[in-house]
file protein-v5.txt (compact mmCIF, C-alpha atoms)
# COMPACT_ATOMS: atom_id res chain seq x y z
CA MET J 1 -62.90 167.72 9.13
CA LEU J 2 -60.93 164.51 8.85
CA GLU J 3 -62.14 161.61 10.95
CA VAL J 4 -59.52 160.02 13.15
CA LYS J 5 -59.84 156.89 11.00
CA ASP J 6 -58.70 158.69 7.85
CA MET J 7 -55.44 159.89 9.28
CA ALA J 8 -52.76 157.23 9.22
CA MET J 9 -51.83 156.70 12.85
CA SER J 10 -48.37 155.31 13.39
CA ARG J 11 -47.94 152.26 15.60
CA ASP J 12 -46.11 154.45 18.13
CA GLU J 13 -49.01 156.90 18.30
CA ILE J 14 -51.42 154.03 18.78
CA PHE J 15 -49.22 152.61 21.55
CA GLN J 16 -49.12 155.97 23.35
CA LYS J 17 -52.90 156.28 23.37
CA VAL J 18 -53.39 152.65 24.42
CA GLN J 19 -50.88 153.22 27.20
CA GLU J 20 -52.85 156.29 28.43
CA VAL J 21 -56.08 154.32 28.37
CA LEU J 22 -54.60 151.50 30.43
CA VAL J 23 -52.96 153.87 32.94
CA ASP J 24 -56.35 155.57 33.50
CA ALA J 25 -58.46 152.42 33.51
CA LEU J 26 -56.22 150.31 35.72
CA GLY J 27 -54.52 152.90 37.90
CA VAL J 28 -51.06 151.53 37.03
CA ASP J 29 -47.91 153.52 36.29
CA GLU J 30 -46.92 154.29 32.71
CA ASP J 31 -43.72 152.28 32.98
CA GLU J 32 -45.70 149.17 33.90
CA VAL J 33 -47.55 149.33 30.59
CA THR J 34 -44.97 147.71 28.34
CA ALA J 35 -45.78 146.10 24.98
CA LYS J 36 -45.50 142.58 26.38
CA ALA J 37 -47.38 143.23 29.64
CA THR J 38 -50.44 141.00 30.07
CA LEU J 39 -53.63 142.76 31.13
CA MET J 40 -54.60 140.28 33.81
CA ALA J 41 -51.41 138.87 35.32
CA ASP J 42 -49.18 141.96 34.95
CA LEU J 43 -51.62 144.86 35.12
CA GLY J 44 -54.30 143.41 37.40
CA ALA J 45 -57.27 143.79 35.03
CA GLU J 46 -60.54 142.05 35.83
CA SER J 47 -63.78 141.63 33.93
CA ILE J 48 -65.19 145.06 34.81
CA ASP J 49 -61.86 146.58 33.73
CA PHE J 50 -62.09 144.87 30.33
CA LEU J 51 -65.40 146.61 29.74
CA ASP J 52 -63.98 149.93 30.95
CA ILE J 53 -60.99 149.51 28.62
CA VAL J 54 -63.23 148.78 25.61
CA PHE J 55 -65.34 151.90 26.32
CA ARG J 56 -62.23 154.06 26.62
CA LEU J 57 -60.62 152.65 23.48
CA GLU J 58 -63.83 153.32 21.54
CA LYS J 59 -63.73 156.91 22.70
CA ALA J 60 -59.97 157.43 22.19
CA PHE J 61 -59.92 156.05 18.64
CA ALA J 62 -63.49 156.92 17.54
CA ILE J 63 -64.21 153.31 16.58
CA LYS J 64 -66.79 150.73 17.56
CA ILE J 65 -65.43 147.62 19.22
CA PRO J 66 -68.04 144.84 19.13
CA ARG J 67 -68.24 142.69 22.22
CA GLU J 68 -66.07 139.58 21.87
CA GLU J 69 -64.01 140.98 18.98
CA LEU J 70 -61.12 142.28 21.08
CA PHE J 71 -61.32 139.73 23.90
CA PRO J 72 -63.34 136.75 22.61
CA ALA J 73 -62.56 134.58 25.62
CA GLU J 74 -66.13 133.72 26.59
CA SER J 75 -67.27 132.18 23.32
CA LEU J 76 -64.02 130.25 22.96
CA MET J 77 -64.15 128.89 26.50
CA ASN J 78 -67.81 127.97 26.48
CA ASN J 79 -67.79 126.00 23.23
CA PRO J 80 -67.30 122.27 23.98
CA GLU J 81 -66.24 121.57 20.38
CA LEU J 82 -63.14 123.69 20.84
CA ILE J 83 -62.00 122.37 24.18
CA SER J 84 -60.83 118.95 25.37
CA ASN J 85 -59.42 118.23 28.83
CA GLY J 86 -59.09 121.90 29.58
CA LYS J 87 -57.09 122.62 26.47
CA LEU J 88 -57.97 124.02 23.05
CA THR J 89 -58.17 121.35 20.36
CA ALA J 90 -56.68 121.79 16.88
CA VAL J 91 -60.09 123.10 15.78
CA GLY J 92 -60.09 125.36 18.81
CA LEU J 93 -56.67 126.75 17.92
CA ALA J 94 -57.78 127.37 14.34
CA GLU J 95 -60.82 129.23 15.67
CA LEU J 96 -58.53 131.23 17.94
CA ARG J 97 -56.32 132.23 15.03
CA THR J 98 -59.34 133.43 13.04
CA ARG J 99 -60.95 135.29 15.92
CA MET J 100 -57.81 136.83 17.36
CA PRO J 101 -55.41 137.68 14.52
CA HIS J 102 -54.14 140.49 16.73
CA THR J 103 -52.56 138.10 19.23
CA ASP J 104 -49.35 136.11 19.10
CA ILE J 105 -50.17 132.49 19.87
CA THR J 106 -46.70 130.95 19.34
CA GLU J 107 -46.06 130.38 23.03
CA PHE J 108 -49.66 129.61 23.88
CA GLN J 109 -50.03 126.78 21.35
CA LYS J 110 -47.23 124.82 23.03
CA ASP J 111 -49.60 124.27 25.95
CA PRO J 112 -53.02 125.61 24.95
CA SER J 113 -54.63 125.31 28.37
CA ILE J 114 -57.74 127.49 28.68
CA ASN J 115 -56.45 128.75 32.02
CA LYS J 116 -53.64 130.38 30.10
CA LEU J 117 -55.89 132.13 27.58
CA GLY J 118 -55.47 135.32 29.56
CA SER J 119 -51.77 135.43 28.69
CA LEU J 120 -52.75 136.30 25.11
CA PHE J 121 -54.30 139.58 26.21
CA THR J 122 -51.21 141.77 26.08
CA VAL J 123 -50.79 145.47 25.45
CA ASN J 124 -49.34 144.53 22.07
CA ALA J 125 -52.49 142.59 21.20
CA ILE J 126 -54.55 145.73 21.80
CA VAL J 127 -52.18 147.86 19.70
CA ASN J 128 -52.36 145.29 16.88
CA TYR J 129 -56.14 145.20 17.05
CA ILE J 130 -56.44 148.99 16.84
CA ASP J 131 -53.88 149.11 14.01
CA ILE J 132 -55.85 146.54 11.98
CA LYS J 133 -59.16 148.27 12.78
CA LEU J 134 -57.96 151.73 11.77
CA LYS J 135 -56.57 150.49 8.48
CA LYS J 136 -59.92 149.00 7.41
CA MET B 1 -82.18 155.73 57.63
CA ARG B 2 -83.45 155.04 54.11
CA TRP B 3 -81.00 154.23 51.39
CA ILE B 4 -82.24 156.95 49.04
CA TRP B 5 -79.81 159.72 48.34
CA ILE B 6 -81.74 161.84 45.86
CA ASP B 7 -85.05 163.64 46.45
CA LYS B 8 -86.40 164.20 42.97
CA PHE B 9 -85.54 164.39 39.30
CA VAL B 10 -85.77 167.80 37.66
CA GLU B 11 -84.70 166.70 34.19
CA PHE B 12 -84.66 163.36 32.42
CA ASN B 13 -83.51 162.68 28.87
CA SER B 14 -83.90 158.96 28.32
CA GLY B 15 -80.70 157.26 27.32
CA GLN B 16 -78.69 160.46 27.67
CA SER B 17 -78.72 162.60 30.78
CA ALA B 18 -80.57 163.32 33.99
CA VAL B 19 -80.55 165.91 36.76
CA ALA B 20 -81.67 165.20 40.31
CA ILE B 21 -81.59 167.24 43.48
CA LYS B 22 -80.84 166.38 47.09
CA ASN B 23 -81.59 168.51 50.10
CA VAL B 24 -79.24 168.17 53.05
CA THR B 25 -80.95 168.55 56.41
CA LEU B 26 -80.09 168.33 60.12
CA ALA B 27 -82.95 165.82 60.31
CA GLU B 28 -80.57 163.24 58.73
CA GLU B 29 -79.17 161.19 61.60
CA HIS B 30 -75.85 160.25 60.04
CA LEU B 31 -74.74 163.89 59.86
CA HIS B 32 -74.45 163.94 63.61
CA ASP B 33 -71.71 161.33 63.45
CA HIS B 34 -69.87 163.05 60.61
CA PHE B 35 -68.69 164.88 62.45
CA PRO B 36 -69.97 165.30 66.02
CA GLY B 37 -69.81 169.08 66.50
CA PHE B 38 -69.76 170.03 62.80
CA PRO B 39 -72.02 168.08 60.48
CA VAL B 40 -71.03 167.73 56.82
CA MET B 41 -72.40 165.37 54.19
CA PRO B 42 -70.06 162.40 53.85
CA GLU B 43 -68.40 162.37 50.42
CA CYS B 44 -69.23 158.68 49.98
CA LEU B 45 -72.93 159.57 50.18
CA MET B 46 -72.48 162.20 47.49
CA ILE B 47 -71.01 159.41 45.37
CA GLU B 48 -74.11 157.35 46.17
CA ALA B 49 -76.38 160.24 45.13
CA MET B 50 -74.57 160.23 41.78
CA ALA B 51 -74.74 156.43 41.60
CA GLN B 52 -78.50 156.54 42.10
CA THR B 53 -79.04 159.34 39.58
CA ALA B 54 -76.80 157.71 36.98
CA GLY B 55 -77.96 154.19 37.82
CA ILE B 56 -81.61 155.06 37.27
CA LEU B 57 -80.64 156.79 34.01
CA VAL B 58 -78.85 153.63 32.84
CA GLY B 59 -81.60 151.35 34.14
CA GLU B 60 -84.35 153.31 32.42
CA ALA B 61 -82.40 153.12 29.14
CA LYS B 62 -82.99 149.37 29.32
CA LYS B 63 -86.54 149.74 30.61
CA PHE B 64 -85.50 148.51 34.08
CA GLN B 65 -85.03 144.99 32.76
CA GLU B 66 -81.43 144.83 33.99
CA LYS B 67 -80.15 144.78 37.55
CA VAL B 68 -77.77 147.75 37.36
CA ILE B 69 -75.23 147.97 40.16
CA LEU B 70 -72.16 150.08 40.82
CA ALA B 71 -69.06 148.16 39.73
CA LYS B 72 -66.30 150.75 39.73
CA ILE B 73 -65.76 154.34 40.80
CA LYS B 74 -63.52 155.39 37.92
CA LYS B 75 -62.68 158.76 39.34
CA CYS B 76 -64.15 161.24 41.79
CA VAL B 77 -62.86 164.60 42.97
CA PHE B 78 -64.33 166.86 45.67
CA PHE B 79 -63.81 170.62 45.76
CA ASP B 80 -65.70 171.72 48.86
CA TYR B 81 -67.75 170.31 51.72
CA VAL B 82 -71.53 170.35 51.99
CA LYS B 83 -73.58 171.38 55.02
CA PRO B 84 -77.16 171.02 56.27
CA GLY B 85 -79.30 173.64 54.54
CA ASP B 86 -77.56 173.04 51.20
CA THR B 87 -79.37 171.82 48.09
CA LEU B 88 -77.27 169.77 45.71
CA LYS B 89 -77.86 169.43 41.99
CA ILE B 90 -76.65 166.09 40.62
CA GLU B 91 -76.13 165.87 36.86
CA ALA B 92 -75.34 162.56 35.18
CA ASN B 93 -74.60 161.63 31.56
CA ILE B 94 -74.35 158.23 29.92
CA GLU B 95 -70.97 158.07 28.24
CA SER B 96 -71.07 154.45 27.04
CA ILE B 97 -73.63 151.67 27.24
CA ALA B 98 -73.38 148.01 26.25
CA PRO B 99 -75.40 144.88 27.07
CA GLU B 100 -73.30 144.06 30.11
CA ALA B 101 -72.14 147.45 31.43
CA ALA B 102 -72.40 151.24 31.22
CA GLY B 103 -70.12 154.20 31.92
CA THR B 104 -71.34 157.58 33.20
CA THR B 105 -69.84 160.99 33.90
CA GLY B 106 -71.30 163.66 36.12
CA LYS B 107 -70.98 166.58 38.45
CA ILE B 108 -72.54 167.84 41.65
CA THR B 109 -73.08 171.56 42.16
CA ARG B 110 -74.46 173.77 44.89
CA GLN B 111 -75.90 176.98 43.47
CA GLU B 112 -73.56 176.97 40.47
CA GLN B 113 -70.50 176.16 42.61
CA LEU B 114 -68.79 172.92 41.59
CA ILE B 115 -68.73 170.50 44.51
CA ALA B 116 -67.68 167.25 42.84
CA GLU B 117 -66.94 165.45 39.59
CA ILE B 118 -67.80 161.76 39.59
CA ASP B 119 -67.30 159.14 36.84
CA LEU B 120 -68.75 155.67 37.40
CA MET B 121 -69.09 152.25 35.83
CA PHE B 122 -72.13 150.06 36.27
CA SER B 123 -72.50 146.36 35.68
CA HIS B 124 -75.66 144.59 34.57
CA ILE B 125 -75.16 141.72 36.95
CA ASP B 126 -77.36 139.12 35.29
CA LYS B 127 -75.10 139.44 32.24
CA ASN B 128 -71.84 139.30 34.08
CA LEU B 129 -71.23 137.34 37.20
CA GLY B 130 -70.62 134.12 35.32
CA GLY B 131 -72.42 131.37 37.15
CA LYS B 132 -73.78 133.44 40.02
CA LYS B 133 -77.55 133.42 40.15
CA PHE B 134 -79.60 136.27 41.56
CA PRO B 135 -83.24 136.45 42.64
CA GLU B 136 -85.26 136.94 39.50
CA GLU B 137 -87.18 140.02 40.47
CA ASN B 138 -85.40 143.30 39.90
CA PHE B 139 -84.48 144.12 43.48
CA VAL B 140 -82.40 147.10 42.35
CA PHE B 141 -85.21 149.20 40.92
CA THR B 142 -87.82 149.15 43.63
CA ASP B 143 -91.09 151.06 43.55
CA THR B 144 -89.46 153.80 45.63
CA PHE B 145 -87.00 154.54 42.86
CA LYS B 146 -89.56 154.23 40.12
CA SER B 147 -91.81 156.68 41.91
CA LEU B 148 -89.06 159.31 41.65
CA MET B 149 -89.57 159.08 37.90
CA GLN B 150 -93.25 159.94 37.92
CA GLY B 151 -94.12 162.87 35.72
CA ILE B 152 -90.58 163.51 34.61
CA THR B 153 -89.65 161.19 31.76
CA ASN B 154 -89.91 162.56 28.22
CA MET M 1 -78.46 154.14 63.16
CA ARG M 2 -74.92 155.42 63.51
CA PHE M 3 -72.68 156.46 60.67
CA ILE M 4 -69.54 154.56 61.64
CA LEU M 5 -68.31 152.08 59.09
CA ILE M 6 -65.55 150.29 60.99
CA ASP M 7 -65.80 148.49 64.35
CA LYS M 8 -62.24 148.09 65.55
CA ILE M 9 -58.64 148.83 64.72
CA VAL M 10 -56.55 145.66 64.74
CA LEU M 11 -53.20 146.98 63.59
CA LEU M 12 -51.67 150.43 63.34
CA GLU M 13 -48.19 151.41 62.18
CA THR M 14 -47.88 155.16 62.54
CA GLY M 15 -47.48 156.88 59.20
CA ASN M 16 -47.55 153.57 57.33
CA ARG M 17 -50.45 151.16 57.56
CA ILE M 18 -53.68 150.40 59.36
CA LYS M 19 -55.91 147.33 59.50
CA THR M 20 -59.50 147.53 60.70
CA VAL M 21 -62.48 145.21 60.89
CA LYS M 22 -66.19 145.75 60.25
CA CYS M 23 -68.96 143.31 61.09
CA VAL M 24 -72.04 143.37 58.87
CA SER M 25 -75.40 142.80 60.51
CA LEU M 26 -79.01 142.76 59.34
CA ALA M 27 -79.55 145.27 62.13
CA GLU M 28 -78.07 147.92 59.81
CA GLU M 29 -81.14 149.74 58.52
CA TYR M 30 -80.00 150.56 54.98
CA LEU M 31 -79.73 146.85 54.19
CA ALA M 32 -83.52 146.73 53.99
CA ASP M 33 -83.29 148.99 50.93
CA HIS M 34 -80.04 147.58 49.53
CA PHE M 35 -81.43 145.38 48.41
CA PRO M 36 -84.78 143.90 49.28
CA VAL M 37 -84.33 140.06 49.11
CA PHE M 38 -80.60 140.53 48.53
CA PRO M 39 -79.02 142.52 51.37
CA VAL M 40 -75.41 143.54 50.72
CA LEU M 41 -73.27 146.35 52.03
CA PRO M 42 -73.50 149.30 49.61
CA GLY M 43 -70.33 149.90 47.61
CA VAL M 44 -69.94 153.46 48.85
CA LEU M 45 -70.00 152.23 52.45
CA LEU M 46 -67.18 149.82 51.63
CA LEU M 47 -65.29 152.89 50.39
CA GLN M 48 -66.28 154.67 53.60
CA GLY M 49 -64.67 151.81 55.54
CA LEU M 50 -61.43 152.48 53.69
CA ILE M 51 -61.81 156.25 54.22
CA GLU M 52 -62.42 155.87 57.96
CA SER M 53 -59.49 153.49 58.30
CA ALA M 54 -57.18 155.96 56.55
CA SER M 55 -58.60 158.87 58.56
CA TRP M 56 -57.75 157.22 61.87
CA LEU M 57 -54.23 156.57 60.64
CA VAL M 58 -53.92 160.27 59.77
CA ARG M 59 -55.40 161.39 63.10
CA GLU M 60 -53.01 159.19 65.06
CA THR M 61 -50.01 160.10 62.93
CA GLU M 62 -50.60 163.85 63.18
CA ASN M 63 -51.66 163.59 66.83
CA PHE M 64 -55.23 164.83 66.24
CA ALA M 65 -54.02 168.13 64.84
CA HIS M 66 -57.02 168.57 62.52
CA SER M 67 -60.76 168.33 63.08
CA MET M 68 -61.84 167.84 59.48
CA ILE M 69 -60.58 164.87 57.47
CA LEU M 70 -62.48 164.44 54.20
CA LEU M 71 -62.21 162.48 50.98
CA GLU M 72 -60.61 164.61 48.30
CA GLU M 73 -60.42 162.09 45.47
CA ALA M 74 -60.72 158.40 44.70
CA ARG M 75 -59.59 156.43 41.65
CA ASN M 76 -60.32 152.96 40.34
CA ILE M 77 -62.33 151.83 43.33
CA LYS M 78 -63.35 148.36 42.16
CA TYR M 79 -66.10 146.25 43.65
CA LYS M 80 -65.20 142.62 43.20
CA SER M 81 -67.67 140.71 45.30
CA PHE M 82 -70.64 141.17 47.61
CA LEU M 83 -70.53 141.43 51.40
CA SER M 84 -73.52 139.97 53.20
CA PRO M 85 -74.88 140.16 56.76
CA GLY M 86 -73.10 137.75 59.08
CA SER M 87 -69.76 138.45 57.38
CA GLN M 88 -66.77 140.41 58.56
CA ILE M 89 -64.49 142.47 56.37
CA GLU M 90 -60.90 143.39 57.13
CA TYR M 91 -59.64 146.62 55.57
CA THR M 92 -55.92 147.16 54.98
CA VAL M 93 -54.87 150.67 54.08
CA ASP M 94 -51.30 151.53 53.11
CA VAL M 95 -49.88 155.04 53.03
CA LYS M 96 -48.45 156.46 49.81
CA THR M 97 -47.87 159.92 51.32
CA ILE M 98 -48.96 161.83 54.42
CA GLU M 99 -48.31 165.57 54.40
CA GLU M 100 -49.68 168.29 56.61
CA ASN M 101 -52.95 168.87 54.75
CA ILE M 102 -53.17 166.00 52.25
CA SER M 103 -52.50 162.30 52.18
CA SER M 104 -52.86 159.42 49.72
CA PHE M 105 -53.46 155.72 50.15
CA THR M 106 -54.14 152.37 48.56
CA GLY M 107 -56.65 150.17 50.27
CA ILE M 108 -58.24 146.74 50.08
CA GLY M 109 -61.09 144.99 51.87
CA ILE M 110 -61.08 141.21 52.23
CA SER M 111 -63.70 138.90 53.70
CA GLU M 112 -63.16 135.15 54.17
CA GLY M 113 -60.26 135.19 51.72
CA GLN M 114 -62.30 136.97 49.05
CA GLU M 115 -61.44 140.46 47.80
CA ILE M 116 -64.44 142.73 48.15
CA VAL M 117 -63.17 146.25 47.40
CA GLN M 118 -59.90 147.78 46.27
CA GLY M 119 -58.58 151.11 45.07
CA SER M 120 -56.65 154.35 45.64
CA PHE M 121 -57.79 157.53 47.30
CA GLY M 122 -56.63 160.78 48.86
CA LEU M 123 -57.78 162.76 51.89
CA ARG M 124 -57.52 166.38 52.90
CA HIS M 125 -57.18 167.47 56.50
CA PHE M 126 -57.72 170.94 57.94
CA ASN M 127 -59.21 172.97 60.74
CA LEU M 128 -62.21 175.25 60.29
CA ALA M 129 -60.16 177.92 62.06
CA ASP M 130 -57.77 177.96 59.08
CA LYS M 131 -60.31 180.03 57.19
CA ASN M 132 -62.25 181.45 60.13
CA PRO M 133 -60.46 181.87 63.49
CA ALA M 134 -63.82 182.12 65.26
CA MET M 135 -64.35 178.42 64.51
CA ALA M 136 -61.43 177.25 66.68
CA ALA M 137 -63.83 176.25 69.46
CA VAL M 138 -65.78 174.06 67.02
CA ASP M 139 -62.54 172.38 65.91
CA ASP M 140 -61.79 171.59 69.56
CA ILE M 141 -65.23 170.01 70.06
CA VAL M 142 -64.90 167.83 66.96
CA ILE M 143 -61.39 166.72 67.93
CA GLU M 144 -62.50 165.89 71.49
CA ASN M 145 -65.37 163.79 70.16
CA MET M 146 -63.15 161.98 67.69
CA LYS M 147 -60.65 161.21 70.47
CA LYS M 148 -63.48 159.55 72.45
CA ARG M 149 -64.39 157.45 69.42
CA TRP M 150 -60.73 156.57 68.94
CA TRP M 151 -60.54 154.96 72.37
CA LEU M 152 -63.66 152.96 71.60
CA LEU M 153 -62.15 151.62 68.37
CA ARG M 154 -58.85 150.71 69.97
CA GLN M 155 -60.35 148.57 72.74
call {"tool": "encode", "arguments": {"input": "protein-v5.txt", "output": "structure tokens"}}
result
Amino acid sequence: MLEVKDMAMSRDEIFQKVQEVLVDALGVDEDEVTAKATLMADLGAESIDFLDIVFRLEKAFAIKIPREELFPAESLMNNPELISNGKLTAVGLAELRTRMPHTDITEFQKDPSINKLGSLFTVNAIVNYIDIKLKK
Amino acid sequence: MRWIWIDKFVEFNSGQSAVAIKNVTLAEEHLHDHFPGFPVMPECLMIEAMAQTAGILVGEAKKFQEKVILAKIKKCVFFDYVKPGDTLKIEANIESIAPEAAGTTGKITRQEQLIAEIDLMFSHIDKNLGGKKFPEENFVFTDTFKSLMQGITN
Amino acid sequence: MRFILIDKIVLLETGNRIKTVKCVSLAEEYLADHFPVFPVLPGVLLLQGLIESASWLVRETENFAHSMILLEEARNIKYKSFLSPGSQIEYTVDVKTIEENISSFTGIGISEGQEIVQGSFGLRHFNLADKNPAMAAVDDIVIENMKKRWWLLRQ
């Protein structure tokens, strides 16, 4: 029997499943879960929801998602070498790029305030993460 | 009124699943308010029975080192009401477990009839509530709960 | 100890919305077990506050037509913060639908500006006589008792 990982899942298929997971975990409507929607500001996710989402994604895609790989906010925010005056330093941004290749930081780096870190956690970021993970 | 909504464990598979039972009796005061004239077990207390069964299952998986509390009722559905004289069987399974949280699924039956399906999420609060400090002793898993486990764990 | 998880109704818009308040006191027995050294209102009793609020809205809207109003399902009930003795919580429940035998709601509980509980749930309402005509007298007793409690909550 083929493992889910061995079958090439199209980006669309991944998006559909991610959408289902978010609808179930957050109790939002399907049409609210757009590619650009942010988990916190747009979909109302909180810390317990992040954990719920990770559990459900692991189950839906038969993969293991290590803590801090999908949403590495805590270790970025708590490291004083990466932050200065409430914003990510150049080193911090480099670290962000390495740790979160699945996010699009173009807008964020214009004003890399740690309060805005949440804006990186979009539906697209999850789809990208799963896509990368399944291809490995 | 004691805040204990299960009477004993009948099965316990560490880290995996557990089954507890609860007897419903007219001796329970709260039934007479819900409702006056026709007592039925409040659904929220059935959820609590599941939370205690599943919570102890999750807690035991970490040797009761974590303070495990209910963080989210993912989904619960009720198919019938429960009356004094009924015995409920509460079955819980660990679906996912991580350092800071756990997810469980479960069902409640009365003599093979499905009464409820309840899926929950628990938080290990010392690992989560960033900044908030709690009393060090594990106030969640008191001796009363641990005594329910006597003789049953494999 | 009485099993009533709201203390008064502060706003009611028939068929639409209800706001209620509950005071939390160390006098509530279950707090001794939940938890020792850290008394907080159990999560399921916060849900019960939402359920009772919605139930009164249904009873008033359908003019006490049914004796039994029970939780049928709940989804994504999130517990965001703790509620301690000495605090008050205000529940706001909004109607999604109310039909003859089922209804659905979203609800939130807030204390001192802090969100405590939030989620969606549905109730079912019926009379025992629907399945067993001999139970009509019991329905009447329950409805009478709930009407008495209603007047207490609306003071």
call {"tool": "closest_atom_pairs", "arguments": {"input": "protein-v5.txt", "of": "chain B", "to": "chain M", "cutoff": "8 Å", "atoms": "only C-alpha atoms", "output": "Markdown table"}}
result
| residue | atom | partner | partner_atom | distance |
| --- | --- | --- | --- | --- |
| B:Met1 | CA | M:Glu29 | CA | 6.1 |
| B:Arg2 | CA | M:Tyr30 | CA | 5.7 |
| B:Trp3 | CA | M:Tyr30 | CA | 5.2 |
| B:Glu29 | CA | M:Met1 | CA | 7.3 |
| B:His30 | CA | M:Phe3 | CA | 5.0 |
| B:Leu31 | CA | M:Phe3 | CA | 7.8 |
| B:Asp33 | CA | M:Phe3 | CA | 5.7 |
| B:His34 | CA | M:Phe3 | CA | 7.2 |
| B:Phe35 | CA | M:Val142 | CA | 6.6 |
| B:Pro36 | CA | M:Val142 | CA | 5.7 |
| B:Gly37 | CA | M:Val142 | CA | 5.1 |
| B:Phe38 | CA | M:Val142 | CA | 6.8 |
| B:Pro42 | CA | M:Leu70 | CA | 7.9 |
| B:Glu43 | CA | M:Leu71 | CA | 6.2 |
| B:Cys44 | CA | M:Val44 | CA | 5.4 |
| B:Leu45 | CA | M:Val44 | CA | 6.9 |
| B:Ile47 | CA | M:Val44 | CA | 7.0 |
| B:Glu48 | CA | M:Val44 | CA | 6.3 |
| B:Leu70 | CA | M:Gly43 | CA | 7.0 |
| B:Ala71 | CA | M:Tyr79 | CA | 5.3 |
| B:Lys72 | CA | M:Lys78 | CA | 4.5 |
| B:Ile73 | CA | M:Ile77 | CA | 4.9 |
| B:Lys74 | CA | M:Asn76 | CA | 4.7 |
| B:Lys75 | CA | M:Arg75 | CA | 4.5 |
| B:Cys76 | CA | M:Glu73 | CA | 5.3 |
| B:Val77 | CA | M:Glu73 | CA | 4.3 |
| B:Phe78 | CA | M:Glu72 | CA | 5.1 |
| B:Phe79 | CA | M:Glu72 | CA | 7.3 |
| B:Pro135 | CA | M:Val37 | CA | 7.5 |
| B:Phe139 | CA | M:Pro36 | CA | 5.8 |
| B:Val140 | CA | M:Phe35 | CA | 6.4 |
call {"tool": "write_last_selection", "arguments": {"input": "protein-v5.txt", "atoms": "C-alpha atoms", "output": "short mmCIF file (atom, residue, chain, number, x, y, z; two decimals), keeping the file's coordinate frame"}}
result
data_model
loop_
_atom_site.label_atom_id
_atom_site.label_comp_id
_atom_site.auth_asym_id
_atom_site.auth_seq_id
_atom_site.Cartn_x
_atom_site.Cartn_y
_atom_site.Cartn_z
CA MET B 1 -82.18 155.73 57.63
CA ARG B 2 -83.45 155.04 54.11
CA TRP B 3 -81.00 154.23 51.39
CA GLU B 29 -79.17 161.19 61.60
CA HIS B 30 -75.85 160.25 60.04
CA LEU B 31 -74.74 163.89 59.86
CA ASP B 33 -71.71 161.33 63.45
CA HIS B 34 -69.87 163.05 60.61
CA PHE B 35 -68.69 164.88 62.45
CA PRO B 36 -69.97 165.30 66.02
CA GLY B 37 -69.81 169.08 66.50
CA PHE B 38 -69.76 170.03 62.80
CA PRO B 42 -70.06 162.40 53.85
CA GLU B 43 -68.40 162.37 50.42
CA CYS B 44 -69.23 158.68 49.98
CA LEU B 45 -72.93 159.57 50.18
CA ILE B 47 -71.01 159.41 45.37
CA GLU B 48 -74.11 157.35 46.17
CA LEU B 70 -72.16 150.08 40.82
CA ALA B 71 -69.06 148.16 39.73
CA LYS B 72 -66.30 150.75 39.73
CA ILE B 73 -65.76 154.34 40.80
CA LYS B 74 -63.52 155.39 37.92
CA LYS B 75 -62.68 158.76 39.34
CA CYS B 76 -64.15 161.24 41.79
CA VAL B 77 -62.86 164.60 42.97
CA PHE B 78 -64.33 166.86 45.67
CA PHE B 79 -63.81 170.62 45.76
CA PRO B 135 -83.24 136.45 42.64
CA PHE B 139 -84.48 144.12 43.48
CA VAL B 140 -82.40 147.10 42.35
#
call {"tool": "atom_distance", "arguments": {"input": "protein-v5.txt", "atom1": "CA of Phe64 (chain B)", "atom2": "CA of Ile97 (chain B)"}}
result
14.1 Å
call {"tool": "residues_around", "arguments": {"input": "protein-v5.txt", "residues": "region 69-72 of chain J", "least_positions_apart": "6", "cutoff": "9 Å", "atoms": "only C-alpha atoms", "output": "list in words"}}
result
Phe50, Val54, Leu96, Arg99, Met100, His102, Phe121, Ala125, Ile126 and Tyr129 of chain J
call {"tool": "closest_residue", "arguments": {"input": "protein-v5.txt", "among": "J:Leu93, J:Val23, J:Ile105, J:Ile114", "to": "chain M", "atoms": "only C-alpha atoms"}}
result
J:Val23
call {"tool": "interface_residues", "arguments": {"input": "protein-v5.txt", "of": "chain J", "to": "chain M", "cutoff": "8 Å", "atoms": "only C-alpha atoms", "output": "PyMOL selection string"}}
result
chain J and resi 25-27
call {"tool": "closest_atom_pairs", "arguments": {"input": "protein-v5.txt", "of": "chain J", "to": "chain B", "cutoff": "10 Å", "atoms": "all atoms listed in the file", "output": "Markdown table"}}
result
| residue | atom | partner | partner_atom | distance |
| --- | --- | --- | --- | --- |
| J:Asp24 | CA | B:Lys74 | CA | 8.4 |
| J:Ala25 | CA | B:Lys74 | CA | 7.3 |
| J:Leu26 | CA | B:Lys74 | CA | 9.2 |
| J:Gly27 | CA | B:Lys74 | CA | 9.3 |
| J:Ser47 | CA | B:Asn128 | CA | 8.4 |
| J:Ile48 | CA | B:Ala71 | CA | 7.0 |
| J:Asp49 | CA | B:Lys72 | CA | 8.5 |
| J:Leu51 | CA | B:Ala101 | CA | 7.0 |
| J:Asp52 | CA | B:Met121 | CA | 7.4 |
| J:Val54 | CA | B:Ser96 | CA | 9.8 |
| J:Phe55 | CA | B:Ser96 | CA | 6.3 |
| J:Arg56 | CA | B:Ser96 | CA | 8.9 |
| J:Glu58 | CA | B:Ser96 | CA | 9.2 |
| J:Lys59 | CA | B:Ser96 | CA | 8.9 |
| J:Pro66 | CA | B:Ala98 | CA | 9.4 |
| J:Arg67 | CA | B:Ala98 | CA | 8.4 |
| J:Glu74 | CA | B:Gly130 | CA | 9.8 |
call {"tool": "axis_aligned_box", "arguments": {"input": "protein-v5.txt", "around": "region 28-31 of chain M", "padding_each_side": "3 Å", "output": "lines of an AutoDock Vina configuration file"}}
result
center_x = -79.6
center_y = 148.7
center_z = 57.0
size_x = 9.1
size_y = 9.7
size_z = 11.6
